[in-house]
>>> print(open('work-v7.txt').read())   # compact mmCIF, C-alpha atoms
# COMPACT_ATOMS: atom_id res chain seq x y z
CA MET A 154 8.19 -39.93 233.17
CA ILE A 155 8.77 -36.97 230.91
CA PRO A 156 12.41 -36.90 229.76
CA TYR A 157 14.47 -34.00 231.05
CA SER A 158 17.63 -32.56 229.53
CA LEU A 159 20.17 -29.86 230.36
CA LEU A 160 21.22 -26.77 228.39
CA ASP A 161 24.60 -25.30 229.37
CA LEU A 162 25.75 -21.87 228.18
CA VAL A 163 29.05 -22.45 230.04
CA PRO A 164 28.83 -19.21 232.04
CA ILE A 165 32.04 -17.61 233.29
CA PRO A 166 31.37 -16.44 236.87
CA SER A 167 32.93 -13.20 238.02
CA GLY A 168 36.35 -13.81 239.52
CA GLN A 169 36.90 -16.91 237.39
CA THR A 170 38.29 -17.69 233.94
CA ALA A 171 37.10 -19.46 230.81
CA THR A 172 39.29 -22.38 231.84
CA ASP A 173 37.39 -22.63 235.12
CA ALA A 174 34.07 -22.54 233.26
CA LEU A 175 35.13 -25.30 230.86
CA GLN A 176 36.29 -27.53 233.69
CA GLN A 177 32.96 -26.97 235.43
CA MET A 178 31.16 -27.85 232.18
CA VAL A 179 32.80 -31.28 232.10
CA ASP A 180 32.03 -31.86 235.77
CA LEU A 181 28.39 -30.81 235.35
CA SER A 182 27.95 -33.11 232.35
CA GLN A 183 29.21 -36.09 234.32
CA HIS A 184 26.83 -35.34 237.17
CA ALA A 185 23.95 -34.81 234.74
CA GLU A 186 24.54 -38.26 233.27
CA ARG A 187 24.38 -39.83 236.72
CA TRP A 188 21.23 -37.90 237.58
CA GLY A 189 19.30 -39.23 234.59
CA TYR A 190 19.39 -36.25 232.23
CA ASN A 191 18.55 -37.34 228.69
CA ARG A 192 20.68 -34.82 226.78
CA TYR A 193 23.41 -32.32 227.51
CA TRP A 194 23.26 -29.42 225.07
CA LEU A 195 25.63 -26.51 224.57
CA ALA A 196 24.68 -23.16 223.05
CA GLU A 197 26.77 -21.11 220.62
CA HIS A 198 27.57 -17.55 221.66
CA HIS A 199 30.32 -15.17 220.54
CA ASN A 200 32.00 -12.01 221.81
CA SER A 201 30.65 -12.37 225.34
CA GLY A 202 32.93 -12.01 228.32
CA GLY A 203 30.62 -14.18 230.37
CA ILE A 204 30.00 -17.22 228.14
CA ALA A 205 32.63 -19.76 227.08
CA SER A 206 30.66 -21.84 224.57
CA SER A 207 31.82 -20.17 221.34
CA ALA A 208 33.58 -23.25 219.88
CA THR A 209 30.48 -25.36 220.39
CA ALA A 210 31.44 -28.46 218.40
CA VAL A 211 34.78 -28.64 220.22
CA LEU A 212 33.05 -28.52 223.60
CA ILE A 213 30.57 -31.19 222.53
CA GLY A 214 33.52 -33.45 221.76
CA GLN A 215 34.96 -32.81 225.22
CA VAL A 216 31.68 -33.69 226.93
CA LEU A 217 31.25 -36.81 224.80
CA ALA A 218 34.73 -37.95 225.77
CA ALA A 219 34.03 -37.35 229.47
CA THR A 220 30.69 -39.21 229.55
CA ARG A 221 29.45 -42.64 228.53
CA SER A 222 25.81 -42.66 227.46
CA ILE A 223 24.12 -39.25 227.69
CA ARG A 224 23.26 -37.65 224.35
CA VAL A 225 25.31 -34.51 223.70
CA GLY A 226 24.55 -31.81 221.19
CA SER A 227 24.01 -28.20 220.28
CA GLY A 228 21.26 -26.03 221.58
CA GLY A 229 22.16 -24.70 219.18
CA ILE A 230 24.53 -24.11 216.35
CA MET A 231 23.67 -20.70 214.87
CA LEU A 232 23.58 -21.70 211.21
CA PRO A 233 23.87 -18.18 209.74
CA ASN A 234 27.42 -18.16 211.14
CA HIS A 235 28.56 -21.32 209.36
CA ALA A 236 28.67 -23.03 206.00
CA PRO A 237 26.39 -26.11 206.11
CA LEU A 238 29.20 -28.35 204.82
CA VAL A 239 31.47 -27.36 207.71
CA VAL A 240 28.74 -28.13 210.26
CA ALA A 241 28.04 -31.47 208.58
CA GLU A 242 31.72 -32.39 208.71
CA GLN A 243 32.08 -31.36 212.34
CA PHE A 244 29.01 -33.19 213.60
CA GLY A 245 29.56 -36.09 211.23
CA THR A 246 33.00 -36.50 212.74
CA LEU A 247 31.56 -36.44 216.27
CA ALA A 248 28.87 -38.96 215.30
CA SER A 249 31.47 -41.24 213.71
CA ILE A 250 33.46 -41.31 216.94
CA TYR A 251 30.41 -41.46 219.24
CA PRO A 252 27.59 -43.22 217.32
CA ASP A 253 23.98 -42.57 218.37
CA ARG A 254 24.94 -39.95 220.95
CA VAL A 255 25.07 -36.68 218.98
CA ASP A 256 22.27 -34.13 218.45
CA LEU A 257 22.39 -31.12 216.12
CA GLY A 258 20.12 -28.27 217.16
CA LEU A 259 20.04 -25.40 214.66
CA GLY A 260 19.15 -21.79 215.31
CA ARG A 261 18.40 -18.94 212.94
CA ALA A 262 19.69 -16.07 215.10
CA PRO A 263 23.35 -15.09 214.89
CA GLY A 264 23.94 -15.39 218.62
CA THR A 265 26.10 -12.28 218.55
CA ASP A 266 26.39 -8.69 217.30
CA MET A 267 26.89 -7.30 213.80
CA ASN A 268 30.63 -6.65 214.17
CA THR A 269 31.21 -10.21 215.35
CA MET A 270 29.14 -11.57 212.47
CA ARG A 271 31.45 -9.78 210.07
CA ALA A 272 34.45 -11.22 211.93
CA LEU A 273 32.93 -14.66 211.45
CA ARG A 274 32.97 -13.95 207.70
CA ARG A 275 29.21 -14.44 207.34
CA GLY A 276 26.59 -11.83 206.46
CA MET A 277 23.13 -11.10 207.80
CA SER A 278 21.64 -12.66 204.66
CA GLY A 279 22.36 -16.05 206.22
CA ALA A 280 19.21 -15.82 208.32
CA ASP A 281 17.15 -15.29 205.15
CA ARG A 282 18.49 -18.55 203.71
CA PHE A 283 17.99 -20.56 206.88
CA PRO A 284 15.41 -23.04 205.48
CA GLU A 285 17.53 -23.76 202.41
CA GLU A 286 20.67 -24.17 204.48
CA VAL A 287 18.94 -26.54 206.91
CA ILE A 288 17.90 -28.73 203.98
CA GLU A 289 21.39 -28.51 202.48
CA LEU A 290 22.95 -29.53 205.80
CA MET A 291 20.57 -32.46 206.25
CA GLY A 292 21.45 -33.59 202.73
CA PHE A 293 25.15 -33.73 203.62
CA LEU A 294 24.32 -36.00 206.58
CA GLN A 295 22.27 -38.45 204.51
CA ASN A 296 23.52 -41.17 202.18
CA PRO A 297 25.07 -39.47 199.13
CA SER A 298 23.79 -39.89 195.61
CA PRO A 299 26.22 -41.43 193.09
CA ASP A 300 26.66 -38.17 191.19
CA GLN A 301 26.82 -35.85 194.23
CA PRO A 302 29.66 -33.38 193.56
CA VAL A 303 30.27 -32.32 197.19
CA ARG A 304 30.22 -34.78 200.08
CA ALA A 305 30.74 -34.50 203.83
CA VAL A 306 33.41 -37.00 204.90
CA PRO A 307 32.95 -37.81 207.74
CA GLY A 308 29.27 -36.92 207.86
CA GLU A 309 27.47 -38.62 205.01
CA GLY A 310 25.27 -41.47 206.13
CA THR A 311 25.45 -40.55 209.81
CA ASN A 312 21.95 -39.02 209.80
CA VAL A 313 22.73 -36.97 212.90
CA PRO A 314 19.34 -36.00 214.41
CA VAL A 315 18.55 -32.40 213.49
CA TRP A 316 16.41 -30.17 215.72
CA ILE A 317 15.01 -26.73 214.95
CA LEU A 318 15.43 -24.20 217.75
CA GLY A 319 13.45 -21.01 217.87
CA SER A 320 11.54 -18.36 219.74
CA SER A 321 9.09 -17.37 217.01
CA LEU A 322 6.52 -18.84 214.66
CA PHE A 323 9.11 -19.10 211.88
CA GLY A 324 11.00 -21.95 213.51
CA ALA A 325 7.83 -23.72 214.54
CA GLN A 326 6.51 -23.67 210.98
CA LEU A 327 9.82 -24.87 209.51
CA ALA A 328 10.11 -27.74 212.00
CA ALA A 329 6.54 -28.76 211.22
CA GLN A 330 7.09 -28.65 207.44
CA LEU A 331 10.28 -30.72 207.61
CA GLY A 332 8.98 -33.17 210.20
CA LEU A 333 11.72 -32.28 212.69
CA PRO A 334 11.73 -32.09 216.50
CA TYR A 335 11.39 -28.57 217.85
CA ALA A 336 12.84 -26.84 220.92
CA PHE A 337 11.48 -23.46 221.99
CA ALA A 338 13.72 -20.90 223.71
CA SER A 339 11.16 -20.13 226.37
CA HIS A 340 13.86 -19.69 229.01
CA PHE A 341 14.55 -16.16 227.75
CA ALA A 342 12.02 -15.34 224.96
CA PRO A 343 8.64 -16.90 225.81
CA ASP A 344 6.24 -14.39 224.25
CA ALA A 345 5.30 -16.56 221.24
CA LEU A 346 5.43 -19.85 223.13
CA GLU A 347 1.76 -20.86 223.16
CA GLU A 348 1.12 -19.89 219.54
CA ALA A 349 4.32 -21.55 218.31
CA VAL A 350 3.58 -24.84 220.06
CA GLU A 351 0.04 -24.91 218.69
CA LEU A 352 1.26 -24.13 215.17
CA TYR A 353 3.98 -26.78 215.31
CA ARG A 354 1.64 -29.52 216.42
CA HIS A 355 -1.21 -28.51 214.12
CA ARG A 356 0.91 -28.24 210.96
CA PHE A 357 3.36 -31.08 211.63
CA GLN A 358 3.97 -33.31 208.63
CA PRO A 359 5.75 -36.65 209.14
CA GLY A 360 9.27 -36.39 207.80
CA VAL A 361 12.46 -37.19 209.67
CA THR A 362 10.23 -38.05 212.64
CA GLN A 363 6.74 -39.45 212.38
CA GLU A 364 5.29 -37.55 215.34
CA PRO A 365 5.92 -34.04 216.63
CA HIS A 366 8.41 -33.79 219.46
CA PHE A 367 8.36 -30.52 221.40
CA MET A 368 10.96 -29.61 224.01
CA LEU A 369 10.25 -26.75 226.42
CA ALA A 370 13.21 -24.81 227.82
CA THR A 371 12.93 -23.53 231.38
CA ASN A 372 15.20 -21.91 233.91
CA VAL A 373 15.61 -23.67 237.24
CA PHE A 374 17.01 -22.38 240.52
CA ALA A 375 16.34 -25.09 243.06
CA ALA A 376 17.50 -24.77 246.66
CA ASP A 377 16.59 -25.70 250.21
CA THR A 378 14.37 -22.65 250.65
CA ASP A 379 12.33 -20.30 248.47
CA ALA A 380 14.46 -17.37 249.63
CA GLU A 381 17.68 -19.07 248.56
CA GLY A 382 16.21 -20.05 245.19
CA ALA A 383 15.17 -16.44 244.58
CA ARG A 384 18.64 -15.24 245.58
CA LEU A 385 20.37 -17.66 243.19
CA ARG A 386 18.18 -16.38 240.38
CA THR A 387 19.52 -12.84 240.76
CA SER A 388 22.81 -13.73 239.05
CA MET A 389 20.99 -14.60 235.83
CA GLN A 390 18.67 -11.61 236.20
CA GLN A 391 21.67 -9.29 236.46
CA ALA A 392 23.42 -10.95 233.52
CA PHE A 393 20.32 -10.63 231.36
CA LEU A 394 19.93 -6.96 232.26
CA ASN A 395 23.60 -6.28 231.51
CA LEU A 396 23.20 -7.94 228.12
CA ARG A 397 20.17 -5.80 227.30
CA LYS A 398 22.14 -2.71 228.22
CA GLY A 399 24.88 -3.73 225.81
CA GLY A 400 27.40 -4.67 228.47
CA PRO A 401 27.71 -8.47 228.64
CA GLY A 402 30.34 -9.72 231.00
CA PRO A 403 31.10 -12.33 233.66
CA LEU A 404 28.18 -13.81 235.57
CA PRO A 405 27.57 -11.53 238.58
CA THR A 406 27.48 -12.72 242.15
CA PRO A 407 23.96 -13.03 243.59
CA VAL A 408 22.35 -10.26 245.60
CA ASP A 409 19.63 -10.49 248.21
CA ALA A 410 17.08 -8.91 245.87
CA PHE A 411 17.23 -7.97 242.18
CA SER A 412 15.48 -4.71 243.02
CA GLU A 413 18.70 -3.62 244.75
CA VAL A 414 20.47 -3.31 241.40
CA ALA A 415 17.62 -2.70 238.93
CA SER A 416 14.94 -0.07 238.49
CA TYR A 417 11.29 -1.03 238.69
CA SER A 418 10.90 -1.03 234.90
CA GLU A 419 14.13 -2.99 234.40
CA GLU A 420 13.08 -5.60 236.94
CA ALA A 421 9.66 -5.96 235.31
CA ALA A 422 11.15 -6.38 231.82
CA VAL A 423 13.72 -8.96 232.92
CA ASN A 424 11.20 -10.96 234.94
CA HIS A 425 8.83 -10.95 231.98
CA ALA A 426 11.52 -12.39 229.68
CA LEU A 427 12.64 -14.98 232.27
CA ARG A 428 9.17 -15.92 233.49
CA VAL A 429 9.35 -19.53 232.34
CA SER A 430 11.25 -20.52 235.44
CA ALA A 431 11.13 -22.83 238.43
CA HIS A 432 12.79 -21.45 241.53
CA GLY A 433 12.65 -22.09 245.25
CA ASP A 434 12.47 -25.19 247.37
CA ARG A 435 11.37 -28.63 246.19
CA THR A 436 7.69 -27.88 246.67
CA SER A 437 7.87 -24.64 244.68
CA VAL A 438 9.94 -26.20 241.91
CA ARG A 439 7.56 -29.14 241.68
CA ALA A 440 4.56 -26.82 241.42
CA ALA A 441 6.25 -24.80 238.67
CA PHE A 442 7.15 -27.91 236.69
CA ALA A 443 3.62 -29.30 237.09
CA ASP A 444 2.13 -26.05 235.81
CA MET A 445 4.42 -25.97 232.75
CA ILE A 446 3.71 -29.60 231.89
CA ALA A 447 -0.04 -29.20 232.28
CA LYS A 448 -0.14 -25.97 230.26
CA TYR A 449 2.19 -26.78 227.37
CA GLN A 450 2.29 -30.60 227.41
CA PRO A 451 5.92 -30.82 226.30
CA ASP A 452 7.40 -34.10 225.18
CA GLU A 453 10.62 -33.16 226.98
CA LEU A 454 11.93 -30.47 229.32
CA LEU A 455 15.22 -28.64 228.76
CA LEU A 456 16.54 -27.23 232.04
CA THR A 457 19.05 -24.41 232.20
CA SER A 458 20.38 -21.94 234.72
CA MET A 459 23.23 -19.54 235.35
CA ILE A 460 24.22 -19.85 239.00
CA HIS A 461 27.42 -18.23 240.19
CA ASP A 462 28.75 -20.95 242.49
CA HIS A 463 29.46 -24.27 240.78
CA THR A 464 28.64 -26.49 243.77
CA THR A 465 25.36 -24.66 244.26
CA ARG A 466 24.58 -25.02 240.57
CA LEU A 467 25.18 -28.76 240.78
CA LYS A 468 22.82 -28.96 243.74
CA SER A 469 20.11 -27.08 241.83
CA PHE A 470 20.22 -29.47 238.87
CA LYS A 471 20.29 -32.46 241.25
CA ILE A 472 17.21 -31.26 243.11
CA ALA A 473 15.43 -30.60 239.81
CA SER A 474 16.14 -34.14 238.60
CA GLU A 475 14.89 -35.62 241.87
CA VAL A 476 11.71 -33.57 241.72
CA LEU A 477 10.96 -34.69 238.16
CA ARG A 478 11.57 -38.34 239.02
CA ASP A 479 9.34 -38.02 242.08
CA MET A 480 6.57 -36.51 239.94
CA ALA A 481 6.53 -39.68 237.85
CA THR A 482 5.82 -41.95 240.82
>>> encode(input="work-v7.txt", output="structure tokens")
Amino acid sequence: MIPYSLLDLVPIPSGQTATDALQQMVDLSQHAERWGYNRYWLAEHHNSGGIASSATAVLIGQVLAATRSIRVGSGGIMLPNHAPLVVAEQFGTLASIYPDRVDLGLGRAPGTDMNTMRALRRGMSGADRFPEEVIELMGFLQNPSPDQPVRAVPGEGTNVPVWILGSSLFGAQLAAQLGLPYAFASHFAPDALEEAVELYRHRFQPGVTQEPHFMLATNVFAADTDAEGARLRTSMQQAFLNLRKGGPGPLPTPVDAFSEVASYSEEAAVNHALRVSAHGDRTSVRAAFADMIAKYQPDELLLTSMIHDHTTRLKSFKIASEVLRDMAT
């Protein structure tokens, strides 16, 4: 059976608070562990009224404390926002408390806007130094040399597994060169997916891992009927459109049809960006998963979704896990 994992942006639904979203995060992680999810990843975002995952390392610690065996990590930490030593210390601390359960996914994008980047005290040049900073960070997590002037304590010797996250050929090439596992952000930026996967596998050089490991991210909106699955999806469609218009905010309530709140061109653009998706009843979700697996041959799936109602969101991830387990029999 292909392993399946969960990516949580910790959405804040309209009418609720960040506290509500964080409590739901813990509850979802506990359910995900019971349902056989391999990893529970959290994504770094800043200055968004609808996403509560800004202090990513802190949230990872909360999920680790609330679960027993599931791997927990970042999908990802946006490295241009942070000094590599700080990230090494944070994740080294987590790995020291919870051995063999922590993942460190690294992204090159800032995950925010220019004003917020300045407030984070980092400049746009950080993206240009991404390869060097990845190597520097990995060095802090390895066994130190005797004459090493700066050390990560905790951190050194933990060898926290590092992943490269991306939506372009840049990340694929870097992951291949460093021999690292690679996760593609196909759930919202799939245009370079096929070329990136081919490049990663073709150019992969054994390094930290001996074989390439590719994880495909997909949205999932599973329900009892196709109509309900399509309706659940409209919350994320609306949120994505609001973000593109420069007005991020709480996750909207679903509507009967996205066309009710979007123009034809807006609907087409959003659906194009979110096209790597499985939505509908079990049969439809199974067909979508089967098509993705056959086309891209991922080593692992990373499921994500932004559904307004927490109980309904739980049900969607439960159905998805059952469908994937059934596909393996």
>>> atom_distance(input="work-v7.txt", atom1="atom CA of Ala196 of chain A", atom2="atom CA of Ala380 of chain A")
29.1 Å
>>> atom_distance(input="work-v7.txt", atom1="atom CA of Gly168 of chain A", atom2="atom CA of Pro403 of chain A")
8.0 Å
>>> atom_distance(input="work-v7.txt", atom1="atom CA of Ser222 of chain A", atom2="atom CA of Met154 of chain A")
18.7 Å
>>> closest_residue(input="work-v7.txt", among="A:Leu217, A:Asp300, A:Ile230, A:His235", to="Arg254 of chain A", atoms="all atoms listed in the file")
A:Leu217
>>> closest_residue(input="work-v7.txt", among="A:Leu404, A:Met459, A:Ala325, A:Met389", to="Glu347 of chain A", atoms="all atoms listed in the file")
A:Ala325
>>> closest_residue(input="work-v7.txt", among="A:Ile155, A:Ile250, A:Ile165, A:Leu212", to="Leu477 of chain A", atoms="only C-alpha atoms")
A:Ile155
>>> residues_around(input="work-v7.txt", residues="segment 287-299 of chain A", least_positions_apart="3", cutoff="8 Å", atoms="all atoms listed in the file", output="ChimeraX atom specification")
/A:232,237-238,240-241,245,259,283-284,304-305,308-313,315
>>> residues_near_point(input="work-v7.txt", point="(8.9, -31.2, 220.2)", cutoff="6 Å", atoms="all atoms listed in the file", output="PyMOL selection string")
chain A and resi 334-336+365-368+452
>>> closest_residue(input="work-v7.txt", among="A:Val211, A:Ala342, A:Ile446, A:Val216", to="Leu181 of chain A", atoms="only C-alpha atoms")
A:Val216
>>> residues_near_point(input="work-v7.txt", point="(33.2, -16.0, 225.2)", cutoff="12 Å", atoms="all atoms listed in the file", output="VMD selection string")
chain A and resid 162 to 166 170 to 172 174 to 175 196 to 209 264 to 265 269 401 to 404
>>> residues_around(input="work-v7.txt", residues="Val423 of chain A", least_positions_apart="6", cutoff="10 Å", atoms="only C-alpha atoms", output="number ranges by chain")
A: 341, 389-394, 397, 411, 415
>>> closest_residue(input="work-v7.txt", among="A:Ala426, A:Arg224, A:Ser418, A:Leu331", to="Ala345 of chain A", atoms="all atoms listed in the file")
A:Ala426
